[in-house]
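Student: Here it is, the structure, as structure tokens.
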Amino acid sequence: MKEAVILLNSIDKVKRFVSVASGFDAEIDLVSGRYVIDGKSFMGIFSMELSEPILLRIHENGEKAEQIMNAFKEYVCAGF
């Protein structure tokens with residue numbers, strides 16, 4: 001499993017994120033506090049507080065996890 005702190009603070013970022021996430025055959029979750037949301041769900045993501053950073057959790061290992069994480073690098077918060 002790979003994790004990173006990301007920021008999805010605009011509608012366009014959410015649209016691009018879901019589009020990229022949907023292209024992978026992997027479980028991709030977003031975690032905020034005790035809530036875990038499917039990273040491929042527009043409705044789920046819009047139910048979250050998007051002004052704050054959230055945890056991206058990719059349920060893969062090895063090269064596939066690195067490939068998926070690399071696809072989301074534009075959303076990763078520096079310093080986390």
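So you can find residues: chains in the structure tokens are A, B, ... in the order shown, residues in each start at 1, and ligands are numbered from 1 in order.
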Determine which residues of chain A receive a DSSP assignment of alpha helix (DSSP H), computed from the backbone, and state them as a short mmCIF file (atom, residue, chain, number, x, y, z; two decimals) with N, CA, C and O atoms, in the first residue's frame.

Tutor:
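In the end it all went to out38.cif:
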```cif
data_model
loop_
_atom_site.label_atom_id
_atom_site.label_comp_id
_atom_site.auth_asym_id
_atom_site.auth_seq_id
_atom_site.Cartn_x
_atom_site.Cartn_y
_atom_site.Cartn_z
N ILE A 11 -13.02 22.09 -8.43
CA ILE A 11 -13.84 21.14 -9.19
C ILE A 11 -13.02 20.52 -10.32
O ILE A 11 -13.12 19.31 -10.57
N ASP A 12 -12.20 21.32 -10.98
CA ASP A 12 -11.38 20.79 -12.07
C ASP A 12 -10.39 19.73 -11.58
O ASP A 12 -10.18 18.72 -12.24
N LYS A 13 -9.80 19.97 -10.41
CA LYS A 13 -8.87 18.97 -9.85
C LYS A 13 -9.60 17.68 -9.54
O LYS A 13 -9.07 16.59 -9.79
N VAL A 14 -10.79 17.77 -9.00
CA VAL A 14 -11.57 16.56 -8.69
C VAL A 14 -11.90 15.81 -9.97
O VAL A 14 -11.74 14.59 -10.05
N LYS A 15 -12.33 16.52 -11.00
CA LYS A 15 -12.65 15.88 -12.28
C LYS A 15 -11.44 15.15 -12.85
O LYS A 15 -11.55 14.00 -13.28
N ARG A 16 -10.29 15.82 -12.87
CA ARG A 16 -9.07 15.20 -13.40
C ARG A 16 -8.66 14.01 -12.54
O ARG A 16 -8.26 12.96 -13.06
N PHE A 17 -8.74 14.17 -11.22
CA PHE A 17 -8.36 13.09 -10.31
C PHE A 17 -9.20 11.84 -10.56
O PHE A 17 -8.67 10.75 -10.70
N VAL A 18 -10.52 11.99 -10.63
CA VAL A 18 -11.41 10.85 -10.84
C VAL A 18 -11.16 10.22 -12.21
O VAL A 18 -11.16 9.00 -12.35
N SER A 19 -10.91 11.04 -13.21
CA SER A 19 -10.62 10.53 -14.54
C SER A 19 -9.36 9.67 -14.53
O SER A 19 -9.34 8.56 -15.10
N VAL A 20 -8.32 10.14 -13.87
CA VAL A 20 -7.07 9.37 -13.79
C VAL A 20 -7.28 8.11 -12.95
O VAL A 20 -6.88 7.01 -13.35
N ALA A 21 -7.93 8.25 -11.80
CA ALA A 21 -8.16 7.11 -10.91
C ALA A 21 -8.97 6.01 -11.60
O ALA A 21 -8.69 4.82 -11.44
N SER A 22 -9.96 6.41 -12.39
CA SER A 22 -10.82 5.45 -13.07
C SER A 22 -10.06 4.65 -14.14
O SER A 22 -10.52 3.59 -14.54
N PHE A 42 -17.16 10.60 -7.85
CA PHE A 42 -17.37 12.05 -7.80
C PHE A 42 -18.19 12.43 -6.57
O PHE A 42 -17.83 13.33 -5.82
N MET A 43 -19.30 11.75 -6.39
CA MET A 43 -20.20 12.09 -5.29
C MET A 43 -19.51 11.92 -3.94
O MET A 43 -19.67 12.74 -3.04
N GLY A 44 -18.76 10.85 -3.79
CA GLY A 44 -18.06 10.61 -2.55
C GLY A 44 -17.04 11.70 -2.25
O GLY A 44 -16.96 12.22 -1.14
N ILE A 45 -16.27 12.07 -3.27
CA ILE A 45 -15.24 13.09 -3.08
C ILE A 45 -15.87 14.44 -2.74
O ILE A 45 -15.41 15.15 -1.86
N PHE A 46 -16.97 14.78 -3.42
CA PHE A 46 -17.61 16.06 -3.14
C PHE A 46 -18.30 16.09 -1.79
O PHE A 46 -18.69 17.16 -1.31
N GLY A 62 4.63 -2.40 -5.14
CA GLY A 62 5.61 -2.52 -6.20
C GLY A 62 5.48 -1.48 -7.29
O GLY A 62 5.07 -0.34 -7.06
N GLU A 63 5.82 -1.91 -8.49
CA GLU A 63 5.87 -1.00 -9.63
C GLU A 63 4.49 -0.43 -9.98
O GLU A 63 4.37 0.74 -10.37
N LYS A 64 3.44 -1.23 -9.84
CA LYS A 64 2.10 -0.73 -10.13
C LYS A 64 1.73 0.41 -9.19
O LYS A 64 1.17 1.42 -9.62
N ALA A 65 2.06 0.28 -7.91
CA ALA A 65 1.78 1.35 -6.95
C ALA A 65 2.56 2.61 -7.31
O ALA A 65 2.02 3.72 -7.23
N GLU A 66 3.80 2.46 -7.72
CA GLU A 66 4.62 3.61 -8.10
C GLU A 66 4.05 4.29 -9.34
O GLU A 66 4.03 5.52 -9.43
N GLN A 67 3.58 3.50 -10.30
CA GLN A 67 2.99 4.04 -11.52
C GLN A 67 1.74 4.86 -11.19
O GLN A 67 1.55 5.97 -11.69
N ILE A 68 0.89 4.32 -10.32
CA ILE A 68 -0.34 5.03 -9.93
C ILE A 68 0.02 6.30 -9.17
O ILE A 68 -0.53 7.37 -9.43
N MET A 69 0.94 6.20 -8.22
CA MET A 69 1.34 7.37 -7.43
C MET A 69 1.91 8.46 -8.33
O MET A 69 1.62 9.65 -8.15
N ASN A 70 2.69 8.06 -9.32
CA ASN A 70 3.27 9.02 -10.26
C ASN A 70 2.19 9.76 -11.04
O ASN A 70 2.33 10.94 -11.34
N ALA A 71 1.08 9.09 -11.35
CA ALA A 71 -0.02 9.72 -12.07
C ALA A 71 -0.71 10.79 -11.24
O ALA A 71 -1.34 11.70 -11.79
#
```

Student: Quick one: residues within 8 Å of Val5 of chain A, only C-alpha atoms, excluding same-chain residues fewer than 5 positions away - as a PDB file with all heavy atoms, in the first residue's frame?

Tutor:
```pdb
ATOM      1  N   PRO A  53      -6.106  19.282   3.159  1.00  0.00           N
ATOM      2  CA  PRO A  53      -5.442  18.116   2.558  1.00  0.00           C
ATOM      3  C   PRO A  53      -6.103  16.814   3.024  1.00  0.00           C
ATOM      4  O   PRO A  53      -6.633  16.735   4.138  1.00  0.00           O
ATOM      5  CB  PRO A  53      -4.006  18.215   3.093  1.00  0.00           C
ATOM      6  CG  PRO A  53      -3.830  19.647   3.469  1.00  0.00           C
ATOM      7  CD  PRO A  53      -5.187  20.094   3.939  1.00  0.00           C
ATOM      8  N   ILE A  54      -6.080  15.808   2.165  1.00  0.00           N
ATOM      9  CA  ILE A  54      -6.646  14.495   2.473  1.00  0.00           C
ATOM     10  C   ILE A  54      -5.630  13.416   2.133  1.00  0.00           C
ATOM     11  O   ILE A  54      -4.682  13.655   1.377  1.00  0.00           O
ATOM     12  CB  ILE A  54      -7.975  14.255   1.723  1.00  0.00           C
ATOM     13  CG1 ILE A  54      -7.815  14.502   0.229  1.00  0.00           C
ATOM     14  CG2 ILE A  54      -9.076  15.107   2.277  1.00  0.00           C
ATOM     15  CD1 ILE A  54      -9.072  14.302  -0.584  1.00  0.00           C
ATOM     16  N   LEU A  55      -5.813  12.253   2.692  1.00  0.00           N
ATOM     17  CA  LEU A  55      -4.878  11.147   2.486  1.00  0.00           C
ATOM     18  C   LEU A  55      -5.318  10.309   1.296  1.00  0.00           C
ATOM     19  O   LEU A  55      -6.456   9.853   1.234  1.00  0.00           O
ATOM     20  CB  LEU A  55      -4.818  10.276   3.744  1.00  0.00           C
ATOM     21  CG  LEU A  55      -3.854   9.098   3.702  1.00  0.00           C
ATOM     22  CD1 LEU A  55      -2.413   9.572   3.625  1.00  0.00           C
ATOM     23  CD2 LEU A  55      -4.058   8.211   4.921  1.00  0.00           C
ATOM     24  N   LEU A  56      -4.399  10.123   0.357  1.00  0.00           N
ATOM     25  CA  LEU A  56      -4.602   9.229  -0.779  1.00  0.00           C
ATOM     26  C   LEU A  56      -4.010   7.881  -0.402  1.00  0.00           C
ATOM     27  O   LEU A  56      -2.857   7.805   0.011  1.00  0.00           O
ATOM     28  CB  LEU A  56      -3.894   9.782  -2.014  1.00  0.00           C
ATOM     29  CG  LEU A  56      -3.713   8.844  -3.209  1.00  0.00           C
ATOM     30  CD1 LEU A  56      -5.061   8.455  -3.802  1.00  0.00           C
ATOM     31  CD2 LEU A  56      -2.825   9.489  -4.256  1.00  0.00           C
ATOM     32  N   VAL A  76      -0.080  16.029  -4.940  1.00  0.00           N
ATOM     33  CA  VAL A  76       0.626  15.789  -3.682  1.00  0.00           C
ATOM     34  C   VAL A  76       1.040  17.101  -3.037  1.00  0.00           C
ATOM     35  O   VAL A  76       1.587  17.989  -3.703  1.00  0.00           O
ATOM     36  CB  VAL A  76       1.852  14.871  -3.904  1.00  0.00           C
ATOM     37  CG1 VAL A  76       2.659  14.717  -2.629  1.00  0.00           C
ATOM     38  CG2 VAL A  76       1.413  13.504  -4.424  1.00  0.00           C
ATOM     39  N   CYS A  77       0.773  17.229  -1.754  1.00  0.00           N
ATOM     40  CA  CYS A  77       1.137  18.407  -0.981  1.00  0.00           C
ATOM     41  C   CYS A  77       2.608  18.323  -0.598  1.00  0.00           C
ATOM     42  O   CYS A  77       3.038  17.315  -0.018  1.00  0.00           O
ATOM     43  CB  CYS A  77       0.291  18.512   0.290  1.00  0.00           C
ATOM     44  SG  CYS A  77      -1.440  18.776   0.002  1.00  0.00           S
ATOM     45  N   PHE A  80       4.533  17.043   3.231  1.00  0.00           N
ATOM     46  CA  PHE A  80       3.797  16.018   3.993  1.00  0.00           C
ATOM     47  C   PHE A  80       4.425  14.676   3.761  1.00  0.00           C
ATOM     48  O   PHE A  80       4.905  14.303   2.800  1.00  0.00           O
ATOM     49  CB  PHE A  80       2.321  15.959   3.582  1.00  0.00           C
ATOM     50  CG  PHE A  80       1.506  17.066   4.173  1.00  0.00           C
ATOM     51  CD1 PHE A  80       1.264  18.226   3.473  1.00  0.00           C
ATOM     52  CD2 PHE A  80       0.985  16.946   5.442  1.00  0.00           C
ATOM     53  CE1 PHE A  80       0.507  19.250   4.008  1.00  0.00           C
ATOM     54  CE2 PHE A  80       0.222  17.956   5.995  1.00  0.00           C
ATOM     55  CZ  PHE A  80      -0.006  19.112   5.263  1.00  0.00           C
TER      56      PHE A  80
END
```

Student: What's the 7 Å shell around Ile28 of chain A, counting only C-alpha atoms, without same-chain residues fewer than 4 positions away, as a PyMOL selection string?

Tutor: chain A and resi 38-39+57-59

Student: Write the selection just made, keeping N, CA and C atoms, as a JSON list (two decimals), in the first residue's frame?

Tutor:
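To be explicit, this is the file written out as again-v5.json:
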```
[["chain", "number", "residue", "atom", "x", "y", "z"],
["A", 38, "ASP", "N", -14.26, 6.14, -1.81],
["A", 38, "ASP", "CA", -13.73, 5.58, -3.05],
["A", 38, "ASP", "C", -13.20, 6.72, -3.91],
["A", 39, "GLY", "N", -11.93, 6.64, -4.29],
["A", 39, "GLY", "CA", -11.29, 7.69, -5.08],
["A", 39, "GLY", "C", -11.81, 7.80, -6.50],
["A", 57, "ARG", "N", -4.80, 6.82, -0.53],
["A", 57, "ARG", "CA", -4.34, 5.47, -0.19],
["A", 57, "ARG", "C", -4.53, 4.57, -1.41],
["A", 58, "ILE", "N", -3.43, 4.03, -1.90],
["A", 58, "ILE", "CA", -3.45, 3.15, -3.07],
["A", 58, "ILE", "C", -3.19, 1.73, -2.58],
["A", 59, "HIS", "N", -4.12, 0.84, -2.85],
["A", 59, "HIS", "CA", -4.02, -0.54, -2.38],
["A", 59, "HIS", "C", -3.32, -1.43, -3.40]]
```

Student: What is the distance, in Å and to one decimal place, between atom CA of Ser10 of chain A and atom CA of Leu50 of chain A?

Tutor: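 Atom-to-atom, atom CA of Ser10 of chain A to atom CA of Leu50 of chain A, that is 7.8 Å.
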
Student: With distances taken over only C-alpha atoms, which of A:Ala78, A:Glu60, A:Ser41, A:Phe72 is nearest to Met1 of chain A?

Tutor: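 The answer is A:Glu60, which sits nearest to Met1 of chain A.
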
Student: Out of chain A, which residues get strand (DSSP E or B) from DSSP, as a ChimeraX atom specification?

Tutor: /A:2-6,28-32,35-38,54-58,76

Student: What's the separation between atom CA of Leu8 of chain A and atom CA of Ser51 of chain A, in Å to one decimal place?

Tutor: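 Atom-to-atom, atom CA of Leu8 of chain A and atom CA of Ser51 of chain A are spaced 7.5 Å apart.
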